[in-house]
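> The file below is structure_23.cif, mmCIF, C-alpha atoms:
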data_upload
loop_
_atom_site.label_atom_id
_atom_site.label_comp_id
_atom_site.auth_asym_id
_atom_site.auth_seq_id
_atom_site.Cartn_x
_atom_site.Cartn_y
_atom_site.Cartn_z
CA MET A 15 0.00 0.00 0.00
CA SER A 16 1.41 3.38 -0.96
CA ILE A 17 2.17 6.09 1.56
CA ALA A 18 -0.44 8.36 -0.05
CA ARG A 19 -3.11 5.69 0.45
CA TRP A 20 -2.06 5.19 4.08
CA LYS A 21 -2.37 8.93 4.68
CA ARG A 22 -5.79 9.01 2.99
CA ASN A 23 -7.00 6.08 5.09
CA LEU A 24 -5.63 7.63 8.28
CA GLY A 25 -7.44 10.87 7.43
CA LYS A 26 -10.71 8.96 6.97
CA PHE A 27 -10.15 7.15 10.28
CA ARG A 28 -9.58 10.44 12.10
CA GLN A 29 -12.91 11.78 10.81
CA LEU A 30 -14.89 8.87 12.28
CA GLU A 31 -16.82 9.24 15.51
CA TRP A 32 -15.13 7.69 18.53
CA ARG A 33 -17.64 4.81 18.69
CA ASP A 34 -16.91 3.91 15.06
CA LYS A 35 -13.14 4.13 15.61
CA LYS A 36 -13.48 1.75 18.53
CA LEU A 37 -15.66 -0.63 16.50
CA LEU A 38 -13.19 -0.59 13.60
CA LEU A 39 -10.26 -1.33 15.93
CA ARG A 40 -12.25 -4.18 17.48
CA ALA A 41 -12.95 -5.50 13.96
CA VAL A 42 -9.21 -5.49 13.17
CA PHE A 43 -8.50 -7.31 16.44
CA TRP A 44 -11.12 -10.00 15.79
CA LEU A 45 -9.97 -10.45 12.18
CA ALA A 46 -6.45 -11.11 13.50
CA ILE A 47 -7.80 -13.60 16.05
CA ALA A 48 -9.95 -15.26 13.36
CA ARG A 49 -6.92 -15.63 11.09
CA ILE A 50 -4.90 -17.22 13.90
CA MET A 51 -7.83 -19.52 14.75
CA LEU A 52 -8.03 -20.69 11.13
CA ILE A 53 -4.33 -21.54 11.18
CA VAL A 54 -4.21 -23.22 14.59
CA ILE A 55 -7.62 -24.82 15.20
CA PRO A 56 -8.94 -27.67 13.03
CA LEU A 57 -11.94 -26.67 10.92
CA ARG A 58 -14.26 -29.26 12.50
CA ARG A 59 -13.52 -27.88 15.96
CA LEU A 60 -14.10 -24.30 14.75
CA LEU A 61 -17.48 -25.25 13.33
CA ASP A 62 -18.45 -27.21 16.46
CA ASN A 63 -17.52 -24.36 18.78
CA LYS A 64 -20.35 -24.29 21.31
CA ASP A 65 -19.54 -22.24 24.36
CA ASN A 66 -21.76 -21.27 27.24
CA VAL A 67 -21.90 -17.53 26.63
CA VAL A 68 -25.27 -16.11 27.62
CA VAL A 69 -26.53 -14.07 24.71
CA ALA A 70 -29.14 -11.35 24.51
CA GLU A 71 -32.27 -11.62 22.44
CA VAL A 72 -31.74 -10.54 18.85
CA GLU A 73 -34.95 -8.49 18.93
CA GLY A 74 -33.20 -5.90 21.12
CA LEU A 75 -30.44 -5.41 18.59
CA SER A 76 -30.42 -2.15 16.67
CA PRO A 77 -30.33 -2.48 12.86
CA GLU A 78 -28.07 0.58 12.86
CA PHE A 79 -25.56 -1.27 15.08
CA LEU A 80 -25.60 -4.26 12.72
CA GLN A 81 -24.90 -1.96 9.78
CA ARG A 82 -21.98 -0.45 11.68
CA VAL A 83 -20.61 -3.94 12.44
CA THR A 84 -20.98 -4.92 8.77
CA TYR A 85 -19.15 -1.79 7.67
CA ALA A 86 -16.40 -2.14 10.29
CA ILE A 87 -15.67 -5.77 9.42
CA SER A 88 -15.65 -5.06 5.69
CA ALA A 89 -13.50 -1.93 6.00
CA ALA A 90 -11.03 -3.64 8.32
CA ALA A 91 -10.83 -6.74 6.09
CA ASN A 92 -9.96 -4.53 3.11
CA HIS A 93 -7.08 -2.86 4.93
CA VAL A 94 -5.36 -5.52 7.02
CA PRO A 95 -2.14 -7.02 5.60
CA TRP A 96 -3.37 -10.63 5.89
CA ARG A 97 -6.00 -12.59 4.02
CA SER A 98 -9.45 -11.80 5.39
CA ASP A 99 -12.00 -13.26 3.03
CA CYS A 100 -15.48 -14.50 3.92
CA PHE A 101 -14.65 -17.07 6.62
CA PRO A 102 -12.42 -14.87 8.81
CA GLN A 103 -14.93 -12.04 8.39
CA ALA A 104 -17.78 -14.26 9.57
CA ILE A 105 -15.73 -15.48 12.56
CA ALA A 106 -14.65 -11.95 13.47
CA ALA A 107 -18.18 -10.55 13.24
CA ARG A 108 -19.51 -13.44 15.29
CA MET A 109 -16.95 -12.87 18.05
CA LEU A 110 -17.56 -9.12 18.01
CA LEU A 111 -21.33 -9.60 18.35
CA LYS A 112 -20.89 -12.31 20.98
CA ARG A 113 -18.71 -10.01 23.11
CA ASP A 114 -21.54 -7.49 23.01
CA GLY A 115 -23.96 -10.23 24.09
CA TYR A 116 -25.69 -10.99 20.78
CA ASP A 117 -26.19 -14.36 19.16
CA SER A 118 -25.57 -14.99 15.48
CA THR A 119 -25.58 -17.87 13.01
CA MET A 120 -22.67 -18.79 10.79
CA HIS A 121 -23.59 -20.34 7.45
CA ILE A 122 -21.30 -22.39 5.22
CA GLY A 123 -22.28 -23.02 1.62
CA VAL A 124 -20.92 -24.00 -1.78
CA GLU A 125 -21.57 -23.20 -5.40
CA ARG A 126 -20.61 -25.36 -8.37
CA ILE A 127 -18.07 -23.87 -10.72
CA GLY A 128 -17.84 -25.93 -13.86
CA ASP A 129 -18.17 -29.70 -13.79
CA ASP A 130 -15.59 -30.57 -11.15
CA MET A 131 -15.07 -27.56 -8.88
CA LEU A 132 -16.86 -26.11 -5.88
CA ASN A 133 -16.47 -22.65 -4.43
CA GLY A 134 -17.09 -22.31 -0.70
CA HIS A 135 -18.55 -19.31 1.07
CA ALA A 136 -19.23 -18.32 4.67
CA TRP A 137 -21.68 -15.71 5.84
CA LEU A 138 -23.06 -14.56 9.16
CA THR A 139 -26.62 -13.68 10.07
CA CYS A 140 -28.03 -12.09 13.17
CA GLY A 141 -31.76 -12.59 13.29
CA ASP A 142 -32.99 -11.91 9.75
CA SER A 143 -30.06 -9.64 8.87
CA VAL A 144 -27.00 -10.76 6.93
CA VAL A 145 -23.99 -9.28 8.69
CA THR A 146 -21.12 -10.51 6.49
CA GLY A 147 -20.89 -12.24 3.13
CA GLY A 148 -24.30 -11.08 1.97
CA SER A 149 -23.40 -10.23 -1.61
CA GLU A 150 -22.79 -13.88 -2.52
CA VAL A 151 -25.40 -15.69 -0.45
CA ASP A 152 -27.89 -16.28 -3.28
CA ARG A 153 -25.35 -18.16 -5.39
CA HIS A 154 -24.52 -20.73 -2.72
CA ILE A 155 -26.27 -23.83 -1.43
CA GLU A 156 -26.16 -23.84 2.35
CA LEU A 157 -24.51 -26.94 3.84
CA LEU A 158 -24.22 -25.94 7.47
CA ALA A 159 -25.70 -23.36 9.81
CA ASP A 160 -24.40 -23.03 13.34
#
Now, as a test, write the supplied structure out as structure tokens.

Amino acid sequence: MSIARWKRNLGKFRQLEWRDKKLLLRAVFWLAIARIMLIVIPLRRLLDNKDNVVVAEVEGLSPEFLQRVTYAISAAANHVPWRSDCFPQAIAARMLLKRDGYDSTMHIGVERIGDDMLNGHAWLTCGDSVVTGGSEVDRHIELLAD
């Protein structure tokens, strides 16, 4: 990334409200943790991760907050120096929401590409709202929801 782009991004970050700066920094943190988890923890264990966190009802969740989480995860994923595609984004958003006391559902799906290839995709929903990975959901057949 060029120095000019770094300066432009830093200028945009400075213009954000404090709550959005904090959310963006939390998104970067959880994307880093998600990336480490994907390297260290076997996939089956990641998908079977059932902990005993008490979560709040989704009905009390503000749609505006979900939009801010979606934006923060997407913006952070586009600017971190490591790979942060759909799966790390879904994990990071899930952890961020969980830390705030909200439950979410991670979805794993595939789409057929040609005769002998599949393309996987992960997305996260909270209630009826798609938090991450929403642009590609319609093309994929859901295999797992947790």
> Ranking A:Leu60, A:Asp130, A:Ala41, A:Leu111 by minimum distance to A:Ser88 and counting only C-alpha atoms, which one comes first?
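Looking at the shortest contact to A:Ser88, the residue is A:Ala41.
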> Tell me which of A:Ile17, A:Ala90, A:Ala48, A:Leu61 sits closest to A:Asp34, counting all atoms listed in the file.
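Closest candidate: A:Ala90.
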> As a check of understanding, name the residues that the PyMOL selection byres ((chain A and resi 49) around 12) selects in the supplied structure, as a PyMOL selection string.
chain A and resi 42-48+50-55+60+91+94-106
> Which residue out of A:Arg22, A:Arg58, A:His135, A:Arg82 has the minimum interatomic distance to A:Ala107 when all atoms listed in the file are used?
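Selected residue with least distance to A:Ala107: A:Arg82.
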> How many Å separate atom CA of A:Gly115 from atom CA of A:Ala136?
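Computed distance, atom CA of A:Gly115 to atom CA of A:Ala136, equals 21.6 Å.
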> In Å, how far is it from atom CA of A:Phe79 to atom CA of A:His154?
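Going from atom CA of A:Phe79 over to atom CA of A:His154 covers 26.4 Å.
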> Calculate how many Å separate atom CA of A:Gly123 from atom CA of A:Leu39, rounding to one decimal.
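If I compute the distance from atom CA of A:Gly123 to atom CA of A:Leu39, I get 28.6 Å.
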> Just so the selection is clear, what residues does the PyMOL selection byres ((chain A and resi 157-159) around 6) cover here, as a list in words?
Met120, His121, Ile122, Gly123, Glu156 and Asp160 of chain A
> Select, counting all atoms listed in the file, all protein, DNA and RNA residues no farther than 8 Å from (-24.7, -9.9, 10.9) in file coordinates, and express the selection as an MDAnalysis selection string.
chainID A and resid 80 83:84 107:108 118 138:141 143:146
> Please determine, counting all atoms listed in the file, which residue among A:Leu24, A:Ile127, A:Leu75, A:Leu30 has the shortest atom-to-atom distance to A:His93.
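Looking only at the distances to A:His93, the closest residue turns out to be A:Leu24.
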